[in-house]
>>> print(open('run_33.cif').read())   # mmCIF, C-alpha atoms
data_structure
loop_
_atom_site.group_PDB
_atom_site.id
_atom_site.type_symbol
_atom_site.label_atom_id
_atom_site.label_comp_id
_atom_site.auth_asym_id
_atom_site.auth_seq_id
_atom_site.Cartn_x
_atom_site.Cartn_y
_atom_site.Cartn_z
ATOM 1 C CA MET A 1 140.913 115.247 85.380
ATOM 2 C CA TYR A 2 139.329 111.823 85.249
ATOM 3 C CA VAL A 3 140.627 108.714 86.935
ATOM 4 C CA ASP A 4 142.650 106.269 84.825
ATOM 5 C CA ARG A 5 140.515 103.172 85.385
ATOM 6 C CA ASP A 6 143.223 100.578 84.723
ATOM 7 C CA PHE A 7 145.702 102.359 86.967
ATOM 8 C CA ALA A 8 143.101 102.685 89.738
ATOM 9 C CA LEU A 9 142.090 99.030 89.574
ATOM 10 C CA GLY A 10 145.745 98.022 89.821
ATOM 11 C CA LEU A 11 146.615 100.364 92.704
ATOM 12 C CA ASP A 12 148.293 98.612 95.634
ATOM 13 C CA LEU A 13 147.106 99.755 99.059
ATOM 14 C CA ASP A 14 148.619 98.653 102.329
ATOM 15 C CA PRO A 15 146.344 96.580 104.544
ATOM 16 C CA ILE A 16 145.221 98.257 107.772
ATOM 17 C CA PRO A 17 145.189 96.369 111.070
ATOM 18 C CA ILE A 18 142.484 97.405 113.549
ATOM 19 C CA GLU A 19 141.539 96.327 117.040
ATOM 20 C CA VAL A 20 137.840 96.471 117.881
ATOM 21 C CA GLU A 21 137.619 98.051 121.320
ATOM 22 C CA ARG A 22 134.720 97.906 123.786
ATOM 23 C CA GLY A 23 135.039 101.563 124.732
ATOM 24 C CA ARG A 24 134.930 102.603 121.099
ATOM 25 C CA LEU A 25 131.790 100.552 120.487
ATOM 26 C CA ARG A 26 130.134 102.059 123.564
ATOM 27 C CA LEU A 27 130.930 105.559 122.308
ATOM 28 C CA PHE A 28 129.503 104.712 118.879
ATOM 29 C CA ALA A 29 126.337 103.368 120.527
ATOM 30 C CA LYS A 30 126.036 106.470 122.701
ATOM 31 C CA ALA A 31 126.517 108.792 119.730
ATOM 32 C CA ILE A 32 123.604 107.269 117.818
ATOM 33 C CA GLY A 33 121.297 107.063 120.851
ATOM 34 C CA GLU A 34 121.300 103.269 120.851
ATOM 35 C CA THR A 35 118.930 101.955 123.543
ATOM 36 C CA ASN A 36 119.436 98.206 123.033
ATOM 37 C CA PRO A 37 121.780 97.200 125.886
ATOM 38 C CA VAL A 38 123.498 94.446 123.874
ATOM 39 C CA TYR A 39 125.447 97.270 122.222
ATOM 40 C CA PHE A 40 126.876 98.754 125.450
ATOM 41 C CA ASP A 41 126.290 96.318 128.334
ATOM 42 C CA LEU A 42 128.528 93.260 128.377
ATOM 43 C CA ASP A 43 126.099 91.188 130.457
ATOM 44 C CA ALA A 44 123.270 91.936 128.017
ATOM 45 C CA ALA A 45 125.486 91.049 125.068
ATOM 46 C CA ARG A 46 126.445 87.731 126.646
ATOM 47 C CA ALA A 47 122.822 87.013 127.582
ATOM 48 C CA ALA A 48 122.007 87.458 123.879
ATOM 49 C CA GLY A 49 124.563 84.768 123.058
ATOM 50 C CA TYR A 50 127.335 87.095 121.903
ATOM 51 C CA PRO A 51 130.942 86.620 123.088
ATOM 52 C CA ASP A 52 131.342 90.393 123.647
ATOM 53 C CA LEU A 53 129.814 93.696 122.552
ATOM 54 C CA PRO A 54 128.896 93.472 118.849
ATOM 55 C CA ALA A 55 130.095 95.989 116.288
ATOM 56 C CA PRO A 56 126.920 97.721 114.998
ATOM 57 C CA PRO A 57 126.002 97.233 111.322
ATOM 58 C CA SER A 58 127.719 100.306 109.882
ATOM 59 C CA PHE A 59 130.643 100.475 112.321
ATOM 60 C CA LEU A 60 133.041 98.936 109.820
ATOM 61 C CA GLY A 61 132.019 101.397 107.122
ATOM 62 C CA ASN A 62 134.781 103.552 105.800
ATOM 63 C CA ALA A 63 135.494 105.776 108.812
ATOM 64 C CA VAL A 64 137.599 103.286 110.757
ATOM 65 C CA GLU A 65 140.009 103.564 107.824
ATOM 66 C CA LEU A 66 140.347 107.313 108.331
ATOM 67 C CA GLU A 67 142.628 106.988 111.349
ATOM 68 C CA ILE A 68 145.752 105.976 109.449
ATOM 69 C CA PRO A 69 148.280 108.581 108.288
ATOM 70 C CA GLU A 70 147.203 109.973 104.894
ATOM 71 C CA PRO A 71 143.839 108.176 104.946
ATOM 72 C CA LEU A 72 142.779 109.684 101.626
ATOM 73 C CA TYR A 73 145.894 108.508 99.785
ATOM 74 C CA TRP A 74 143.811 106.016 97.788
ATOM 75 C CA MET A 75 142.007 108.973 96.223
ATOM 76 C CA SER A 76 144.939 111.337 95.712
ATOM 77 C CA ALA A 77 147.035 108.489 94.254
ATOM 78 C CA VAL A 78 144.594 108.168 91.350
ATOM 79 C CA GLY A 79 144.353 111.928 90.809
ATOM 80 C CA ILE A 80 141.087 112.704 92.570
ATOM 81 C CA ASP A 81 140.695 116.289 93.827
ATOM 82 C CA ILE A 82 139.327 115.461 97.274
ATOM 83 C CA THR A 83 137.691 118.888 97.613
ATOM 84 C CA SER A 84 135.352 117.870 94.754
ATOM 85 C CA THR A 85 134.133 114.619 96.264
ATOM 86 C CA LEU A 86 131.031 113.404 98.044
ATOM 87 C CA HIS A 87 130.395 110.137 99.805
ATOM 88 C CA GLY A 88 127.816 108.827 97.360
ATOM 89 C CA GLY A 89 126.983 105.543 98.977
ATOM 90 C CA GLN A 90 128.094 102.733 101.209
ATOM 91 C CA LYS A 91 127.372 99.022 101.072
ATOM 92 C CA MET A 92 128.117 96.313 103.582
ATOM 93 C CA VAL A 93 127.978 92.551 103.015
ATOM 94 C CA TYR A 94 128.042 90.474 106.182
ATOM 95 C CA HIS A 95 129.475 87.006 106.540
ATOM 96 C CA GLU A 96 130.111 86.913 110.286
ATOM 97 C CA MET A 97 129.481 89.326 113.140
ATOM 98 C CA VAL A 98 132.386 91.261 114.592
ATOM 99 C CA PHE A 99 132.835 91.748 118.334
ATOM 100 C CA ALA A 100 134.921 93.775 120.750
ATOM 101 C CA GLY A 101 138.296 92.099 121.134
ATOM 102 C CA ASP A 102 138.527 91.114 117.482
ATOM 103 C CA SER A 103 141.779 91.866 115.655
ATOM 104 C CA LEU A 104 140.962 92.572 112.043
ATOM 105 C CA MET A 105 142.891 93.263 108.871
ATOM 106 C CA LEU A 106 141.387 95.578 106.261
ATOM 107 C CA HIS A 107 142.394 94.867 102.663
ATOM 108 C CA ARG A 108 141.468 97.728 100.342
ATOM 109 C CA SER A 109 141.297 97.998 96.582
ATOM 110 C CA ILE A 110 139.561 100.136 93.986
ATOM 111 C CA VAL A 111 137.117 97.851 92.187
ATOM 112 C CA ASP A 112 135.190 100.161 89.844
ATOM 113 C CA VAL A 113 135.353 103.561 88.146
ATOM 114 C CA TYR A 114 132.494 104.879 85.997
ATOM 115 C CA VAL A 115 130.937 108.146 84.879
ATOM 116 C CA LYS A 116 127.339 109.363 84.768
ATOM 117 C CA LYS A 117 125.519 112.486 83.560
ATOM 118 C CA ALA A 118 127.760 112.944 80.521
ATOM 119 C CA GLY A 119 130.861 113.006 82.669
ATOM 120 C CA ALA A 120 129.617 115.520 85.259
ATOM 121 C CA LEU A 121 129.738 112.804 87.911
ATOM 122 C CA GLU A 122 132.435 110.192 88.203
ATOM 123 C CA PHE A 123 132.139 107.337 90.682
ATOM 124 C CA VAL A 124 135.034 105.484 92.243
ATOM 125 C CA VAL A 125 134.260 102.373 94.292
ATOM 126 C CA LYS A 126 136.649 101.169 96.973
ATOM 127 C CA LYS A 127 136.166 97.674 98.337
ATOM 128 C CA THR A 128 137.473 96.705 101.751
ATOM 129 C CA GLU A 129 137.698 93.038 102.639
ATOM 130 C CA ILE A 130 137.653 92.746 106.401
ATOM 131 C CA MET A 131 139.427 89.620 107.598
ATOM 132 C CA ARG A 132 139.662 87.973 111.019
ATOM 133 C CA GLY A 133 142.600 85.675 110.519
ATOM 134 C CA ASP A 134 141.797 83.718 107.359
ATOM 135 C CA THR A 135 138.067 84.386 107.603
ATOM 136 C CA LEU A 136 136.348 87.046 105.507
ATOM 137 C CA VAL A 137 133.873 88.567 107.973
ATOM 138 C CA VAL A 138 132.578 91.704 106.208
ATOM 139 C CA GLU A 139 132.954 93.379 102.825
ATOM 140 C CA ALA A 140 132.545 97.162 102.687
ATOM 141 C CA PHE A 141 132.059 99.129 99.470
ATOM 142 C CA CYS A 142 132.602 102.884 99.627
ATOM 143 C CA ASN A 143 131.242 104.803 96.638
ATOM 144 C CA ILE A 144 132.854 108.204 96.183
ATOM 145 C CA ALA A 145 131.305 110.675 93.737
ATOM 146 C CA VAL A 146 133.787 113.020 92.071
ATOM 147 C CA LEU A 147 132.179 116.201 90.770
ATOM 148 C CA HIS A 148 133.228 117.459 87.341
ATOM 149 C CA PRO A 149 131.234 120.685 86.945
ATOM 150 C CA GLU A 150 133.358 121.561 83.908
ATOM 151 C CA ALA A 151 131.820 118.669 81.947
ATOM 152 C CA GLY A 152 129.072 119.627 79.566
ATOM 153 C CA LYS A 153 129.770 123.335 79.750
ATOM 154 C CA MET B 1 116.965 91.470 123.719
ATOM 155 C CA THR B 2 115.885 89.739 120.526
ATOM 156 C CA THR B 3 113.181 91.747 118.851
ATOM 157 C CA THR B 4 111.934 90.292 115.604
ATOM 158 C CA GLU B 5 109.637 92.545 113.636
ATOM 159 C CA VAL B 6 110.505 90.956 110.295
ATOM 160 C CA THR B 7 109.172 87.445 109.728
ATOM 161 C CA GLN B 8 108.509 85.364 106.655
ATOM 162 C CA ASP B 9 104.773 85.947 107.146
ATOM 163 C CA LEU B 10 104.960 89.632 106.208
ATOM 164 C CA ALA B 11 103.452 90.634 102.881
ATOM 165 C CA PRO B 12 105.419 92.709 100.371
ATOM 166 C CA GLY B 13 104.590 96.361 100.926
ATOM 167 C CA THR B 14 104.224 95.999 104.689
ATOM 168 C CA GLU B 15 105.382 99.190 106.381
ATOM 169 C CA LEU B 16 107.716 98.708 109.329
ATOM 170 C CA PRO B 17 107.344 100.880 112.435
ATOM 171 C CA PRO B 18 109.410 104.067 111.989
ATOM 172 C CA LEU B 19 112.151 105.253 114.361
ATOM 173 C CA GLU B 20 112.272 108.934 115.265
ATOM 174 C CA ILE B 21 115.707 110.322 116.080
ATOM 175 C CA GLY B 22 116.131 113.279 118.417
ATOM 176 C CA PRO B 23 117.732 116.453 117.097
ATOM 177 C CA ILE B 24 121.299 115.948 115.850
ATOM 178 C CA THR B 25 123.168 118.422 118.040
ATOM 179 C CA ARG B 26 126.783 119.517 117.747
ATOM 180 C CA ARG B 27 127.449 117.279 120.724
ATOM 181 C CA THR B 28 125.944 114.344 118.794
ATOM 182 C CA LEU B 29 128.355 115.043 115.951
ATOM 183 C CA ALA B 30 131.317 115.330 118.318
ATOM 184 C CA LEU B 31 130.440 111.974 119.898
ATOM 185 C CA PHE B 32 129.970 110.391 116.472
ATOM 186 C CA ALA B 33 133.305 111.762 115.280
ATOM 187 C CA GLY B 34 134.985 109.922 118.141
ATOM 188 C CA GLY B 35 132.882 106.784 117.885
ATOM 189 C CA SER B 36 133.118 106.402 114.124
ATOM 190 C CA GLY B 37 136.631 107.692 113.483
ATOM 191 C CA ASP B 38 135.495 110.396 111.054
ATOM 192 C CA HIS B 39 137.060 113.570 112.453
ATOM 193 C CA GLN B 40 136.606 115.697 109.335
ATOM 194 C CA PRO B 41 136.288 119.342 110.397
ATOM 195 C CA VAL B 42 133.138 120.058 108.359
ATOM 196 C CA HIS B 43 131.227 117.964 110.910
ATOM 197 C CA VAL B 44 132.601 119.370 114.149
ATOM 198 C CA ASP B 45 134.333 122.701 113.539
ATOM 199 C CA ILE B 46 132.070 125.601 112.599
ATOM 200 C CA ASP B 47 135.043 127.809 111.669
ATOM 201 C CA ALA B 48 136.290 125.218 109.193
ATOM 202 C CA ALA B 49 132.755 124.759 107.835
ATOM 203 C CA ARG B 50 132.466 128.529 107.243
ATOM 204 C CA GLU B 51 135.823 128.593 105.493
ATOM 205 C CA ARG B 52 134.329 126.125 103.038
ATOM 206 C CA GLY B 53 131.331 128.342 102.431
ATOM 207 C CA ARG B 54 128.858 126.578 104.706
ATOM 208 C CA GLU B 55 126.818 128.415 107.312
ATOM 209 C CA ASP B 56 127.277 125.679 109.872
ATOM 210 C CA VAL B 57 128.554 122.165 110.394
ATOM 211 C CA ILE B 58 126.678 119.334 108.691
ATOM 212 C CA ALA B 59 125.998 115.838 109.942
ATOM 213 C CA HIS B 60 128.163 112.945 108.791
ATOM 214 C CA GLY B 61 126.520 110.931 106.025
ATOM 215 C CA MET B 62 127.568 107.864 107.947
ATOM 216 C CA ILE B 63 125.593 108.910 111.044
ATOM 217 C CA SER B 64 122.446 108.487 108.972
ATOM 218 C CA MET B 65 123.621 105.031 107.918
ATOM 219 C CA ALA B 66 124.322 104.330 111.594
ATOM 220 C CA TYR B 67 120.768 105.407 112.498
ATOM 221 C CA LEU B 68 119.440 103.026 109.860
ATOM 222 C CA GLY B 69 121.708 100.355 111.335
ATOM 223 C CA ARG B 70 120.187 101.041 114.754
ATOM 224 C CA TYR B 71 116.741 100.857 113.143
ATOM 225 C CA LEU B 72 117.561 97.500 111.545
ATOM 226 C CA ALA B 73 119.023 96.138 114.775
ATOM 227 C CA GLY B 74 115.729 97.055 116.452
ATOM 228 C CA LEU B 75 113.763 95.126 113.837
ATOM 229 C CA ILE B 76 115.826 91.939 113.815
ATOM 230 C CA PRO B 77 118.729 90.445 115.784
ATOM 231 C CA GLN B 78 121.825 91.723 113.992
ATOM 232 C CA GLU B 79 123.108 88.242 113.140
ATOM 233 C CA ARG B 80 120.256 87.968 110.630
ATOM 234 C CA LEU B 81 121.503 90.931 108.625
ATOM 235 C CA ARG B 82 123.078 89.811 105.344
ATOM 236 C CA SER B 83 123.662 93.091 103.509
ATOM 237 C CA PHE B 84 123.024 96.805 103.981
ATOM 238 C CA ASP B 85 123.352 99.336 101.184
ATOM 239 C CA VAL B 86 122.702 103.096 101.262
ATOM 240 C CA ARG B 87 122.849 106.062 98.925
ATOM 241 C CA PHE B 88 123.348 109.542 100.329
ATOM 242 C CA ALA B 89 120.830 111.842 98.631
ATOM 243 C CA ALA B 90 120.960 115.111 100.585
ATOM 244 C CA VAL B 91 122.929 116.850 103.316
ATOM 245 C CA THR B 92 121.633 116.625 106.889
ATOM 246 C CA PRO B 93 121.936 119.988 108.668
ATOM 247 C CA VAL B 94 122.776 120.230 112.356
ATOM 248 C CA LEU B 95 119.664 120.119 114.614
ATOM 249 C CA ALA B 96 117.764 118.035 112.051
ATOM 250 C CA ARG B 97 115.375 115.379 113.378
ATOM 251 C CA PRO B 98 115.645 112.388 111.064
ATOM 252 C CA ILE B 99 113.033 109.668 110.850
ATOM 253 C CA CYS B 100 114.057 106.159 109.781
ATOM 254 C CA SER B 101 111.424 104.128 108.017
ATOM 255 C CA GLY B 102 111.244 100.960 106.006
ATOM 256 C CA SER B 103 109.013 98.539 104.189
ATOM 257 C CA VAL B 104 109.158 94.978 102.948
ATOM 258 C CA ARG B 105 109.974 94.805 99.245
ATOM 259 C CA SER B 106 110.034 91.033 98.899
ATOM 260 C CA ILE B 107 110.515 87.808 100.798
ATOM 261 C CA GLU B 108 112.005 84.965 98.806
ATOM 262 C CA GLN B 109 113.741 81.779 99.850
ATOM 263 C CA GLY B 110 114.153 82.812 103.461
ATOM 264 C CA VAL B 111 115.551 86.269 102.721
ATOM 265 C CA ALA B 112 113.583 89.485 103.151
ATOM 266 C CA THR B 113 114.598 92.552 101.161
ATOM 267 C CA LEU B 114 113.727 95.774 102.952
ATOM 268 C CA ASP B 115 113.531 99.268 101.463
ATOM 269 C CA LEU B 116 114.901 101.856 103.860
ATOM 270 C CA LYS B 117 114.726 105.628 104.053
ATOM 271 C CA VAL B 118 115.852 108.502 106.248
ATOM 272 C CA ALA B 119 113.801 111.675 105.902
ATOM 273 C CA LEU B 120 113.811 115.010 107.726
ATOM 274 C CA ALA B 121 110.790 116.755 109.211
ATOM 275 C CA ASP B 122 110.400 118.918 106.070
ATOM 276 C CA GLY B 123 110.161 115.809 103.914
ATOM 277 C CA THR B 124 113.700 115.924 102.518
ATOM 278 C CA VAL B 125 114.891 112.386 101.885
ATOM 279 C CA THR B 126 118.528 112.270 102.960
ATOM 280 C CA VAL B 127 119.271 108.558 102.551
ATOM 281 C CA THR B 128 117.688 105.694 100.648
ATOM 282 C CA GLY B 129 118.785 102.125 101.031
ATOM 283 C CA THR B 130 118.091 98.448 101.123
ATOM 284 C CA ALA B 131 118.900 95.622 103.479
ATOM 285 C CA THR B 132 118.589 91.881 103.156
ATOM 286 C CA VAL B 133 117.825 89.847 106.256
ATOM 287 C CA ALA B 134 117.359 86.168 106.907
ATOM 288 C CA VAL B 135 113.809 85.321 108.022
#
>>> encode(input="run_33.cif", output="structure tokens")
Amino acid sequence: MYVDRDFALGLDLDPIPIEVERGRLRLFAKAIGETNPVYFDLDAARAAGYPDLPAPPSFLGNAVELEIPEPLYWMSAVGIDITSTLHGGQKMVYHEMVFAGDSLMLHRSIVDVYVKKAGALEFVVKKTEIMRGDTLVVEAFCNIAVLHPEAGK
Amino acid sequence: MTTTEVTQDLAPGTELPPLEIGPITRRTLALFAGGSGDHQPVHVDIDAARERGREDVIAHGMISMAYLGRYLAGLIPQERLRSFDVRFAAVTPVLARPICSGSVRSIEQGVATLDLKVALADGTVTVTGTATVAV
């Protein structure tokens, strides 16, 4: 089953509030072997001119959205079989840096649906606008590939 | 710490110093699950991975993007980063040792476009990407 493009582009998704926590950022930095102290040491971050620990470049990629109940609703709601999906790509556009202590609101929508390889691969692109108050700080684009092995057979 | 390896004086094609990542252990994946918020069992639960027909857990795609993010943040202060785009090309098995590398594609009007790559020791390219940075 393929996604109904018009329905997907019109799908309403609830915004997600998130708090950026120091401890969480330190754990992220530890997990990836970060050695630059601005990412885990508050004094180093402030010496670099930052108000607090910065969120690393990919931190606001799609995973912070996975902690809500039914995080994959945006896919199931448009008929995607989530067992046939791959994370195809991820894009971030930065307007302002995000720091520990920030309260953010994530506004999600599906912005594109297209097929490739004669229908064997379908791509669904979710855009998340990450707001701090009225300021757009980061845009995140999550590209999910839906496999259709039945196509072309 | 404000390292700046990318300046407007670099010529297109300039290779940037690579970053070697230690082996991605199961512990690495457990820490990344907590740090990133991606708790999907295929990354941390070998029983669940086997139920899905895999021999073992696999690394999160997003950990490779995070390694490239660490690489970028070692090349330039993060506030210079304007955009960062990756495509996931192949699965990263547990215990893999990725290498992040990059080169300058172009520098125009104060913005450098960098080509980025994550490859494994056997040459498998797992992630390709681009970033734009202010120079």
>>> atom_distance(input="run_33.cif", atom1="atom CA of Phe123 of chain A", atom2="atom CA of Ser83 of chain B")
21.0 Å
>>> interface_residues(input="run_33.cif", of="chain B", to="chain A", cutoff="8 Å", atoms="all atoms listed in the file", output="PDB file with C-alpha atoms, in the frame of the given file")
ATOM      1  CA  MET B   1     116.965  91.470 123.719  1.00  0.00           C
ATOM      2  CA  THR B   2     115.885  89.739 120.526  1.00  0.00           C
ATOM      3  CA  THR B  28     125.944 114.344 118.794  1.00  0.00           C
ATOM      4  CA  LEU B  29     128.355 115.043 115.951  1.00  0.00           C
ATOM      5  CA  LEU B  31     130.440 111.974 119.898  1.00  0.00           C
ATOM      6  CA  PHE B  32     129.970 110.391 116.472  1.00  0.00           C
ATOM      7  CA  GLY B  34     134.985 109.922 118.141  1.00  0.00           C
ATOM      8  CA  GLY B  35     132.882 106.784 117.885  1.00  0.00           C
ATOM      9  CA  SER B  36     133.118 106.402 114.124  1.00  0.00           C
ATOM     10  CA  GLY B  37     136.631 107.692 113.483  1.00  0.00           C
ATOM     11  CA  ASP B  38     135.495 110.396 111.054  1.00  0.00           C
ATOM     12  CA  GLY B  61     126.520 110.931 106.025  1.00  0.00           C
ATOM     13  CA  MET B  62     127.568 107.864 107.947  1.00  0.00           C
ATOM     14  CA  ILE B  63     125.593 108.910 111.044  1.00  0.00           C
ATOM     15  CA  MET B  65     123.621 105.031 107.918  1.00  0.00           C
ATOM     16  CA  ALA B  66     124.322 104.330 111.594  1.00  0.00           C
ATOM     17  CA  TYR B  67     120.768 105.407 112.498  1.00  0.00           C
ATOM     18  CA  GLY B  69     121.708 100.355 111.335  1.00  0.00           C
ATOM     19  CA  ARG B  70     120.187 101.041 114.754  1.00  0.00           C
ATOM     20  CA  ALA B  73     119.023  96.138 114.775  1.00  0.00           C
ATOM     21  CA  GLY B  74     115.729  97.055 116.452  1.00  0.00           C
ATOM     22  CA  GLN B  78     121.825  91.723 113.992  1.00  0.00           C
ATOM     23  CA  GLU B  79     123.108  88.242 113.140  1.00  0.00           C
ATOM     24  CA  LEU B  81     121.503  90.931 108.625  1.00  0.00           C
ATOM     25  CA  ARG B  82     123.078  89.811 105.344  1.00  0.00           C
ATOM     26  CA  SER B  83     123.662  93.091 103.509  1.00  0.00           C
ATOM     27  CA  PHE B  84     123.024  96.805 103.981  1.00  0.00           C
ATOM     28  CA  ASP B  85     123.352  99.336 101.184  1.00  0.00           C
ATOM     29  CA  VAL B  86     122.702 103.096 101.262  1.00  0.00           C
ATOM     30  CA  ARG B  87     122.849 106.062  98.925  1.00  0.00           C
ATOM     31  CA  PHE B  88     123.348 109.542 100.329  1.00  0.00           C
ATOM     32  CA  ALA B  89     120.830 111.842  98.631  1.00  0.00           C
TER      33      ALA B  89
END
>>> resolve_selection(input="run_33.cif", expression="the PyMOL selection byres ((chain B and resi 10) around 12)", output="list in words")
Thr4, Glu5, Val6, Thr7, Gln8, Asp9, Ala11, Pro12, Gly13, Thr14, Glu15, Leu16, Ser103, Val104, Arg105, Ser106, Ile107, Glu108, Gly110, Val111, Ala112, Thr113, Leu114 and Val135 of chain B
>>> write_last_selection(input="run_33.cif", atoms="C-alpha atoms", output="tab-separated table (two decimals), keeping the file's coordinate frame")
chain	number	residue	atom	x	y	z
B	4	THR	CA	111.93	90.29	115.60
B	5	GLU	CA	109.64	92.54	113.64
B	6	VAL	CA	110.50	90.96	110.30
B	7	THR	CA	109.17	87.44	109.73
B	8	GLN	CA	108.51	85.36	106.66
B	9	ASP	CA	104.77	85.95	107.15
B	11	ALA	CA	103.45	90.63	102.88
B	12	PRO	CA	105.42	92.71	100.37
B	13	GLY	CA	104.59	96.36	100.93
B	14	THR	CA	104.22	96.00	104.69
B	15	GLU	CA	105.38	99.19	106.38
B	16	LEU	CA	107.72	98.71	109.33
B	103	SER	CA	109.01	98.54	104.19
B	104	VAL	CA	109.16	94.98	102.95
B	105	ARG	CA	109.97	94.80	99.24
B	106	SER	CA	110.03	91.03	98.90
B	107	ILE	CA	110.52	87.81	100.80
B	108	GLU	CA	112.00	84.96	98.81
B	110	GLY	CA	114.15	82.81	103.46
B	111	VAL	CA	115.55	86.27	102.72
B	112	ALA	CA	113.58	89.48	103.15
B	113	THR	CA	114.60	92.55	101.16
B	114	LEU	CA	113.73	95.77	102.95
B	135	VAL	CA	113.81	85.32	108.02
>>> atom_distance(input="run_33.cif", atom1="atom CA of Thr128 of chain A", atom2="atom CA of Val20 of chain A")
16.1 Å
>>> closest_residue(input="run_33.cif", among="A:Leu147, A:Ile68, A:Val115, A:Leu42", to="Asp4 of chain A", atoms="all atoms listed in the file")
A:Val115
>>> resolve_selection(input="run_33.cif", expression="the PyMOL selection byres ((chain B and resi 18) around 9)", output="tab-separated table (two decimals) with C-alpha atoms, keeping the file's coordinate frame")
chain	number	residue	atom	x	y	z
B	15	GLU	CA	105.38	99.19	106.38
B	16	LEU	CA	107.72	98.71	109.33
B	17	PRO	CA	107.34	100.88	112.44
B	19	LEU	CA	112.15	105.25	114.36
B	20	GLU	CA	112.27	108.93	115.26
B	71	TYR	CA	116.74	100.86	113.14
B	99	ILE	CA	113.03	109.67	110.85
B	100	CYS	CA	114.06	106.16	109.78
B	101	SER	CA	111.42	104.13	108.02
B	102	GLY	CA	111.24	100.96	106.01
>>> resolve_selection(input="run_33.cif", expression="the PyMOL selection byres ((chain B and resi 57) around 12)", output="PyMOL selection string")
chain B and resi 24-30+40-56+58-60+91-96
>>> write_last_selection(input="run_33.cif", atoms="C-alpha atoms", output="compact mmCIF listing (two decimals), in the frame of the given file")
# COMPACT_ATOMS: atom_id res chain seq x y z
CA ILE B 24 121.30 115.95 115.85
CA THR B 25 123.17 118.42 118.04
CA ARG B 26 126.78 119.52 117.75
CA ARG B 27 127.45 117.28 120.72
CA THR B 28 125.94 114.34 118.79
CA LEU B 29 128.35 115.04 115.95
CA ALA B 30 131.32 115.33 118.32
CA GLN B 40 136.61 115.70 109.34
CA PRO B 41 136.29 119.34 110.40
CA VAL B 42 133.14 120.06 108.36
CA HIS B 43 131.23 117.96 110.91
CA VAL B 44 132.60 119.37 114.15
CA ASP B 45 134.33 122.70 113.54
CA ILE B 46 132.07 125.60 112.60
CA ASP B 47 135.04 127.81 111.67
CA ALA B 48 136.29 125.22 109.19
CA ALA B 49 132.76 124.76 107.84
CA ARG B 50 132.47 128.53 107.24
CA GLU B 51 135.82 128.59 105.49
CA ARG B 52 134.33 126.12 103.04
CA GLY B 53 131.33 128.34 102.43
CA ARG B 54 128.86 126.58 104.71
CA GLU B 55 126.82 128.42 107.31
CA ASP B 56 127.28 125.68 109.87
CA ILE B 58 126.68 119.33 108.69
CA ALA B 59 126.00 115.84 109.94
CA HIS B 60 128.16 112.94 108.79
CA VAL B 91 122.93 116.85 103.32
CA THR B 92 121.63 116.62 106.89
CA PRO B 93 121.94 119.99 108.67
CA VAL B 94 122.78 120.23 112.36
CA LEU B 95 119.66 120.12 114.61
CA ALA B 96 117.76 118.04 112.05
>>> axis_aligned_box(input="run_33.cif", around="segment 47-58 of chain A", padding_each_side="8 Å", output="lines of an AutoDock Vina configuration file")
center_x = 126.7
center_y = 92.5
center_z = 118.7
size_x = 25.3
size_y = 31.5
size_z = 33.7
>>> atom_distance(input="run_33.cif", atom1="atom CA of Leu106 of chain A", atom2="atom CA of Gly133 of chain A")
10.8 Å
>>> closest_residue(input="run_33.cif", among="A:Glu122, A:Glu70, A:Asp112, A:Glu129", to="Ala8 of chain A", atoms="all atoms listed in the file")
A:Asp112
>>> residues_around(input="run_33.cif", residues="Arg97 of chain B", least_positions_apart="3", cutoff="7 Å", atoms="only C-alpha atoms", output="list in words")
Ile21, Gly22, Pro23, Ile24, Leu120 and Ala121 of chain B
>>> closest_residue(input="run_33.cif", among="A:Ser103, A:Pro51, A:Val124, A:Ser76", to="Ile16 of chain A", atoms="only C-alpha atoms")
A:Ser103
>>> residues_around(input="run_33.cif", residues="Leu104 of chain A", least_positions_apart="2", cutoff="7 Å", atoms="only C-alpha atoms", output="list in words")
Pro17, Ile18, Glu19, Asp102, Leu106, Ile130, Met131 and Arg132 of chain A
>>> build_atoms(input="run_33.cif", residues="segment 88-93 of chain A", atoms="N, CA, C and O atoms", output="PDB file, in the frame of the given file")
ATOM      1  N   GLY A  88     129.060 109.086  98.083  1.00  0.00           N
ATOM      2  CA  GLY A  88     127.816 108.827  97.360  1.00  0.00           C
ATOM      3  C   GLY A  88     127.002 107.684  97.935  1.00  0.00           C
ATOM      4  O   GLY A  88     125.768 107.714  97.908  1.00  0.00           O
ATOM      5  N   GLY A  89     127.702 106.693  98.440  1.00  0.00           N
ATOM      6  CA  GLY A  89     126.983 105.543  98.977  1.00  0.00           C
ATOM      7  C   GLY A  89     127.919 104.614  99.706  1.00  0.00           C
ATOM      8  O   GLY A  89     129.148 104.740  99.617  1.00  0.00           O
ATOM      9  N   GLN A  90     127.316 103.684 100.420  1.00  0.00           N
ATOM     10  CA  GLN A  90     128.094 102.733 101.209  1.00  0.00           C
ATOM     11  C   GLN A  90     127.322 101.424 101.258  1.00  0.00           C
ATOM     12  O   GLN A  90     126.099 101.437 101.458  1.00  0.00           O
ATOM     13  N   LYS A  91     128.024 100.332 101.027  1.00  0.00           N
ATOM     14  CA  LYS A  91     127.372  99.022 101.072  1.00  0.00           C
ATOM     15  C   LYS A  91     128.176  98.082 101.952  1.00  0.00           C
ATOM     16  O   LYS A  91     129.410  98.094 101.904  1.00  0.00           O
ATOM     17  N   MET A  92     127.482  97.300 102.729  1.00  0.00           N
ATOM     18  CA  MET A  92     128.117  96.313 103.582  1.00  0.00           C
ATOM     19  C   MET A  92     127.537  94.941 103.251  1.00  0.00           C
ATOM     20  O   MET A  92     126.322  94.799 103.069  1.00  0.00           O
ATOM     21  N   VAL A  93     128.407  93.946 103.181  1.00  0.00           N
ATOM     22  CA  VAL A  93     127.978  92.551 103.015  1.00  0.00           C
ATOM     23  C   VAL A  93     128.541  91.774 104.209  1.00  0.00           C
ATOM     24  O   VAL A  93     129.751  91.828 104.473  1.00  0.00           O
TER      25      VAL A  93
END
